[in-house]
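In what follows, a structure is listed as structure tokens, so that the remarks can point back to it.
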Amino acid sequence: MLSQGFESSSRKTEELKAFYRTFKSELSKELKSIGATDLKFSLGHFYVSGFFTAQSGQIYYFSLSDVRSSEFNMLYRTAQHHKDWTGGGNQWVTIKSGMAERMSIR
């Protein structure tokens, strides 16, 4: 869906909402496959972000900054709580099947 591109708009478009539903479902499956819990998602103006808790209890923040971009990487980093948007050092993972297993999650 990312490679199809998005119509730029001042509102959340139907294609963005459809992408969000699919991304949320697929990332949830990915994260649950590595034992993550407490998943929280947020849809902004052409960005998706949220938090999850790893099996170890460590909380992580993730962000897909602008889905209209041609880059298909997701930022993630440690967080102290579910409102810690500044957290630890930035790490990146390419958005594709099996990505949760490639993330450096402790």
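By convention in this document, the chains of the structure tokens carry letters A, B, ... by their order, each chain's residues are numbered from 1, and ligands are numbered from 1 in the order they are shown.
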
Give me the residues within 9 Å of stretch 95-101 of chain A as an mmCIF file with N, CA and C atoms, in the first residue's frame, counting only C-alpha atoms and dropping any in the same chain fewer than 4 places off.
data_model
loop_
_atom_site.group_PDB
_atom_site.id
_atom_site.type_symbol
_atom_site.label_atom_id
_atom_site.label_comp_id
_atom_site.auth_asym_id
_atom_site.auth_seq_id
_atom_site.Cartn_x
_atom_site.Cartn_y
_atom_site.Cartn_z
ATOM 1 N N GLU A 26 -1.444 -5.498 10.486
ATOM 2 C CA GLU A 26 -0.216 -6.234 10.147
ATOM 3 C C GLU A 26 0.891 -6.012 11.187
ATOM 4 N N LEU A 27 1.064 -4.774 11.651
ATOM 5 C CA LEU A 27 2.093 -4.527 12.663
ATOM 6 C C LEU A 27 1.711 -5.209 13.973
ATOM 7 N N GLU A 30 2.784 -8.736 13.626
ATOM 8 C CA GLU A 30 4.245 -8.805 13.717
ATOM 9 C C GLU A 30 4.701 -8.717 15.169
ATOM 10 N N LEU A 31 4.206 -7.713 15.890
ATOM 11 C CA LEU A 31 4.644 -7.494 17.267
ATOM 12 C C LEU A 31 4.187 -8.614 18.202
ATOM 13 N N LYS A 32 2.990 -9.092 17.993
ATOM 14 C CA LYS A 32 2.496 -10.195 18.829
ATOM 15 C C LYS A 32 3.307 -11.467 18.583
ATOM 16 N N SER A 33 3.872 -11.604 17.374
ATOM 17 C CA SER A 33 4.674 -12.793 17.064
ATOM 18 C C SER A 33 5.951 -12.850 17.896
ATOM 19 N N ILE A 34 6.378 -11.700 18.442
ATOM 20 C CA ILE A 34 7.568 -11.679 19.299
ATOM 21 C C ILE A 34 7.181 -11.449 20.764
ATOM 22 N N PHE A 72 10.430 3.462 3.188
ATOM 23 C CA PHE A 72 9.557 2.522 3.890
ATOM 24 C C PHE A 72 10.231 2.006 5.146
ATOM 25 N N ASN A 73 10.669 2.930 5.988
ATOM 26 C CA ASN A 73 11.332 2.579 7.239
ATOM 27 C C ASN A 73 10.510 3.104 8.407
ATOM 28 N N MET A 74 10.525 2.357 9.489
ATOM 29 C CA MET A 74 9.817 2.758 10.693
ATOM 30 C C MET A 74 10.821 3.022 11.798
ATOM 31 N N ILE A 105 15.001 -5.568 19.975
ATOM 32 C CA ILE A 105 14.097 -5.398 21.104
ATOM 33 C C ILE A 105 14.622 -6.220 22.264
#

Select from chain A everything DSSP, run on the backbone, classes as strand (DSSP E or B), then give the selection as a PyMOL selection string.
-> chain A and resi 37-43+48-53+59-64+73-79+91-94

A:Gly87: which residues within 10 Å, counting only C-alpha atoms, same-chain residues fewer than 4 positions away excluded, as a PyMOL selection string?
-> chain A and resi 59-61+76-81+83

Could those residues be written to a file, using N, CA and C atoms, as a PDB file, in the first residue's frame?
ATOM      1  N   ILE A  59       9.070  -0.710  27.341  1.00  0.00           N
ATOM      2  CA  ILE A  59       8.123  -0.027  26.458  1.00  0.00           C
ATOM      3  C   ILE A  59       8.891   0.567  25.282  1.00  0.00           C
ATOM      4  N   TYR A  60       8.268   0.516  24.105  1.00  0.00           N
ATOM      5  CA  TYR A  60       8.846   1.078  22.888  1.00  0.00           C
ATOM      6  C   TYR A  60       7.851   2.018  22.222  1.00  0.00           C
ATOM      7  N   TYR A  61       8.401   3.069  21.634  1.00  0.00           N
ATOM      8  CA  TYR A  61       7.656   4.004  20.795  1.00  0.00           C
ATOM      9  C   TYR A  61       7.990   3.669  19.348  1.00  0.00           C
ATOM     10  N   TYR A  76      11.821   3.324  15.693  1.00  0.00           N
ATOM     11  CA  TYR A  76      11.398   2.813  16.995  1.00  0.00           C
ATOM     12  C   TYR A  76      12.491   3.096  18.004  1.00  0.00           C
ATOM     13  N   ARG A  77      12.101   3.213  19.264  1.00  0.00           N
ATOM     14  CA  ARG A  77      13.067   3.471  20.336  1.00  0.00           C
ATOM     15  C   ARG A  77      12.429   3.144  21.673  1.00  0.00           C
ATOM     16  N   THR A  78      13.271   2.969  22.676  1.00  0.00           N
ATOM     17  CA  THR A  78      12.764   2.685  24.012  1.00  0.00           C
ATOM     18  C   THR A  78      12.028   3.912  24.554  1.00  0.00           C
ATOM     19  N   ALA A  79      11.116   3.655  25.476  1.00  0.00           N
ATOM     20  CA  ALA A  79      10.349   4.720  26.117  1.00  0.00           C
ATOM     21  C   ALA A  79      10.170   4.366  27.589  1.00  0.00           C
ATOM     22  N   GLN A  80       9.968   5.371  28.411  1.00  0.00           N
ATOM     23  CA  GLN A  80       9.767   5.135  29.838  1.00  0.00           C
ATOM     24  C   GLN A  80       8.303   4.886  30.167  1.00  0.00           C
ATOM     25  N   HIS A  81       7.402   5.420  29.329  1.00  0.00           N
ATOM     26  CA  HIS A  81       5.962   5.261  29.538  1.00  0.00           C
ATOM     27  C   HIS A  81       5.265   5.542  28.200  1.00  0.00           C
ATOM     28  N   LYS A  83       3.619   7.904  27.070  1.00  0.00           N
ATOM     29  CA  LYS A  83       3.553   9.288  26.589  1.00  0.00           C
ATOM     30  C   LYS A  83       4.961   9.859  26.452  1.00  0.00           C
TER      31      LYS A  83
END

Nearby residues (only C-alpha atoms) at most 6 Å from A:Phe62, same-chain spacing under 3 positions excluded, as a PyMOL selection string | chain A and resi 49-50+75-76

Output as a list in words all residues of chain A that backbone DSSP marks as alpha helix (DSSP H).
-> Glu14, Glu15, Leu16, Lys17, Ala18, Phe19, Tyr20, Arg21, Thr22, Phe23, Lys24, Ser25, Glu26, Leu27, Ser28, Lys29, Glu30, Leu31, Lys32, Ser33, Met99, Ala100, Glu101 and Arg102 of chain A

Would you mind exporting N, CA and C atoms of the selected residues as a PDB file, in the first residue's frame?
ATOM      1  N   GLU A  14      -9.585   8.746   2.631  1.00  0.00           N
ATOM      2  CA  GLU A  14     -10.070   7.370   2.757  1.00  0.00           C
ATOM      3  C   GLU A  14      -8.937   6.375   2.522  1.00  0.00           C
ATOM      4  N   GLU A  15      -8.028   6.682   1.578  1.00  0.00           N
ATOM      5  CA  GLU A  15      -6.912   5.767   1.331  1.00  0.00           C
ATOM      6  C   GLU A  15      -5.962   5.739   2.528  1.00  0.00           C
ATOM      7  N   LEU A  16      -5.772   6.869   3.209  1.00  0.00           N
ATOM      8  CA  LEU A  16      -4.954   6.899   4.418  1.00  0.00           C
ATOM      9  C   LEU A  16      -5.609   6.068   5.519  1.00  0.00           C
ATOM     10  N   LYS A  17      -6.908   6.216   5.685  1.00  0.00           N
ATOM     11  CA  LYS A  17      -7.630   5.443   6.706  1.00  0.00           C
ATOM     12  C   LYS A  17      -7.542   3.940   6.408  1.00  0.00           C
ATOM     13  N   ALA A  18      -7.657   3.576   5.140  1.00  0.00           N
ATOM     14  CA  ALA A  18      -7.549   2.161   4.746  1.00  0.00           C
ATOM     15  C   ALA A  18      -6.133   1.655   5.025  1.00  0.00           C
ATOM     16  N   PHE A  19      -5.118   2.468   4.690  1.00  0.00           N
ATOM     17  CA  PHE A  19      -3.742   2.092   4.975  1.00  0.00           C
ATOM     18  C   PHE A  19      -3.552   1.891   6.474  1.00  0.00           C
ATOM     19  N   TYR A  20      -4.066   2.804   7.272  1.00  0.00           N
ATOM     20  CA  TYR A  20      -3.933   2.726   8.731  1.00  0.00           C
ATOM     21  C   TYR A  20      -4.532   1.430   9.269  1.00  0.00           C
ATOM     22  N   ARG A  21      -5.703   1.085   8.818  1.00  0.00           N
ATOM     23  CA  ARG A  21      -6.336  -0.164   9.288  1.00  0.00           C
ATOM     24  C   ARG A  21      -5.458  -1.374   8.952  1.00  0.00           C
ATOM     25  N   THR A  22      -4.949  -1.416   7.723  1.00  0.00           N
ATOM     26  CA  THR A  22      -4.104  -2.527   7.296  1.00  0.00           C
ATOM     27  C   THR A  22      -2.777  -2.530   8.050  1.00  0.00           C
ATOM     28  N   PHE A  23      -2.141  -1.371   8.157  1.00  0.00           N
ATOM     29  CA  PHE A  23      -0.856  -1.268   8.853  1.00  0.00           C
ATOM     30  C   PHE A  23      -1.014  -1.675  10.311  1.00  0.00           C
ATOM     31  N   LYS A  24      -2.046  -1.201  10.961  1.00  0.00           N
ATOM     32  CA  LYS A  24      -2.308  -1.526  12.365  1.00  0.00           C
ATOM     33  C   LYS A  24      -2.490  -3.031  12.537  1.00  0.00           C
ATOM     34  N   SER A  25      -3.257  -3.634  11.661  1.00  0.00           N
ATOM     35  CA  SER A  25      -3.488  -5.079  11.730  1.00  0.00           C
ATOM     36  C   SER A  25      -2.192  -5.865  11.509  1.00  0.00           C
ATOM     37  N   GLU A  26      -1.444  -5.498  10.486  1.00  0.00           N
ATOM     38  CA  GLU A  26      -0.216  -6.234  10.147  1.00  0.00           C
ATOM     39  C   GLU A  26       0.891  -6.012  11.187  1.00  0.00           C
ATOM     40  N   LEU A  27       1.064  -4.774  11.651  1.00  0.00           N
ATOM     41  CA  LEU A  27       2.093  -4.527  12.663  1.00  0.00           C
ATOM     42  C   LEU A  27       1.711  -5.209  13.973  1.00  0.00           C
ATOM     43  N   SER A  28       0.437  -5.237  14.295  1.00  0.00           N
ATOM     44  CA  SER A  28      -0.012  -5.947  15.495  1.00  0.00           C
ATOM     45  C   SER A  28       0.363  -7.424  15.423  1.00  0.00           C
ATOM     46  N   LYS A  29       0.128  -8.044  14.271  1.00  0.00           N
ATOM     47  CA  LYS A  29       0.506  -9.453  14.084  1.00  0.00           C
ATOM     48  C   LYS A  29       2.013  -9.632  14.256  1.00  0.00           C
ATOM     49  N   GLU A  30       2.784  -8.736  13.626  1.00  0.00           N
ATOM     50  CA  GLU A  30       4.245  -8.805  13.717  1.00  0.00           C
ATOM     51  C   GLU A  30       4.701  -8.717  15.169  1.00  0.00           C
ATOM     52  N   LEU A  31       4.206  -7.713  15.890  1.00  0.00           N
ATOM     53  CA  LEU A  31       4.644  -7.494  17.267  1.00  0.00           C
ATOM     54  C   LEU A  31       4.187  -8.614  18.202  1.00  0.00           C
ATOM     55  N   LYS A  32       2.990  -9.092  17.993  1.00  0.00           N
ATOM     56  CA  LYS A  32       2.496 -10.195  18.829  1.00  0.00           C
ATOM     57  C   LYS A  32       3.307 -11.467  18.583  1.00  0.00           C
ATOM     58  N   SER A  33       3.872 -11.604  17.374  1.00  0.00           N
ATOM     59  CA  SER A  33       4.674 -12.793  17.064  1.00  0.00           C
ATOM     60  C   SER A  33       5.951 -12.850  17.896  1.00  0.00           C
ATOM     61  N   MET A  99       9.608  -8.064  10.012  1.00  0.00           N
ATOM     62  CA  MET A  99      10.351  -6.924  10.550  1.00  0.00           C
ATOM     63  C   MET A  99      10.480  -6.961  12.062  1.00  0.00           C
ATOM     64  N   ALA A 100       9.486  -7.461  12.785  1.00  0.00           N
ATOM     65  CA  ALA A 100       9.551  -7.489  14.249  1.00  0.00           C
ATOM     66  C   ALA A 100      10.719  -8.347  14.730  1.00  0.00           C
ATOM     67  N   GLU A 101      11.010  -9.408  14.018  1.00  0.00           N
ATOM     68  CA  GLU A 101      12.129 -10.276  14.385  1.00  0.00           C
ATOM     69  C   GLU A 101      13.472  -9.606  14.138  1.00  0.00           C
ATOM     70  N   ARG A 102      13.512  -8.643  13.231  1.00  0.00           N
ATOM     71  CA  ARG A 102      14.757  -7.929  12.924  1.00  0.00           C
ATOM     72  C   ARG A 102      14.981  -6.720  13.829  1.00  0.00           C
TER      73      ARG A 102
END

Separation of atom CA of A:Leu43 and atom CA of A:Val93, in Å?
-> 19.3 Å

So which residues touch A:Gly57 within 10 Å, counting only C-alpha atoms, skipping near sequence neighbours fewer than 5 positions away, as a PyMOL selection string?
-> chain A and resi 36-37+52+106
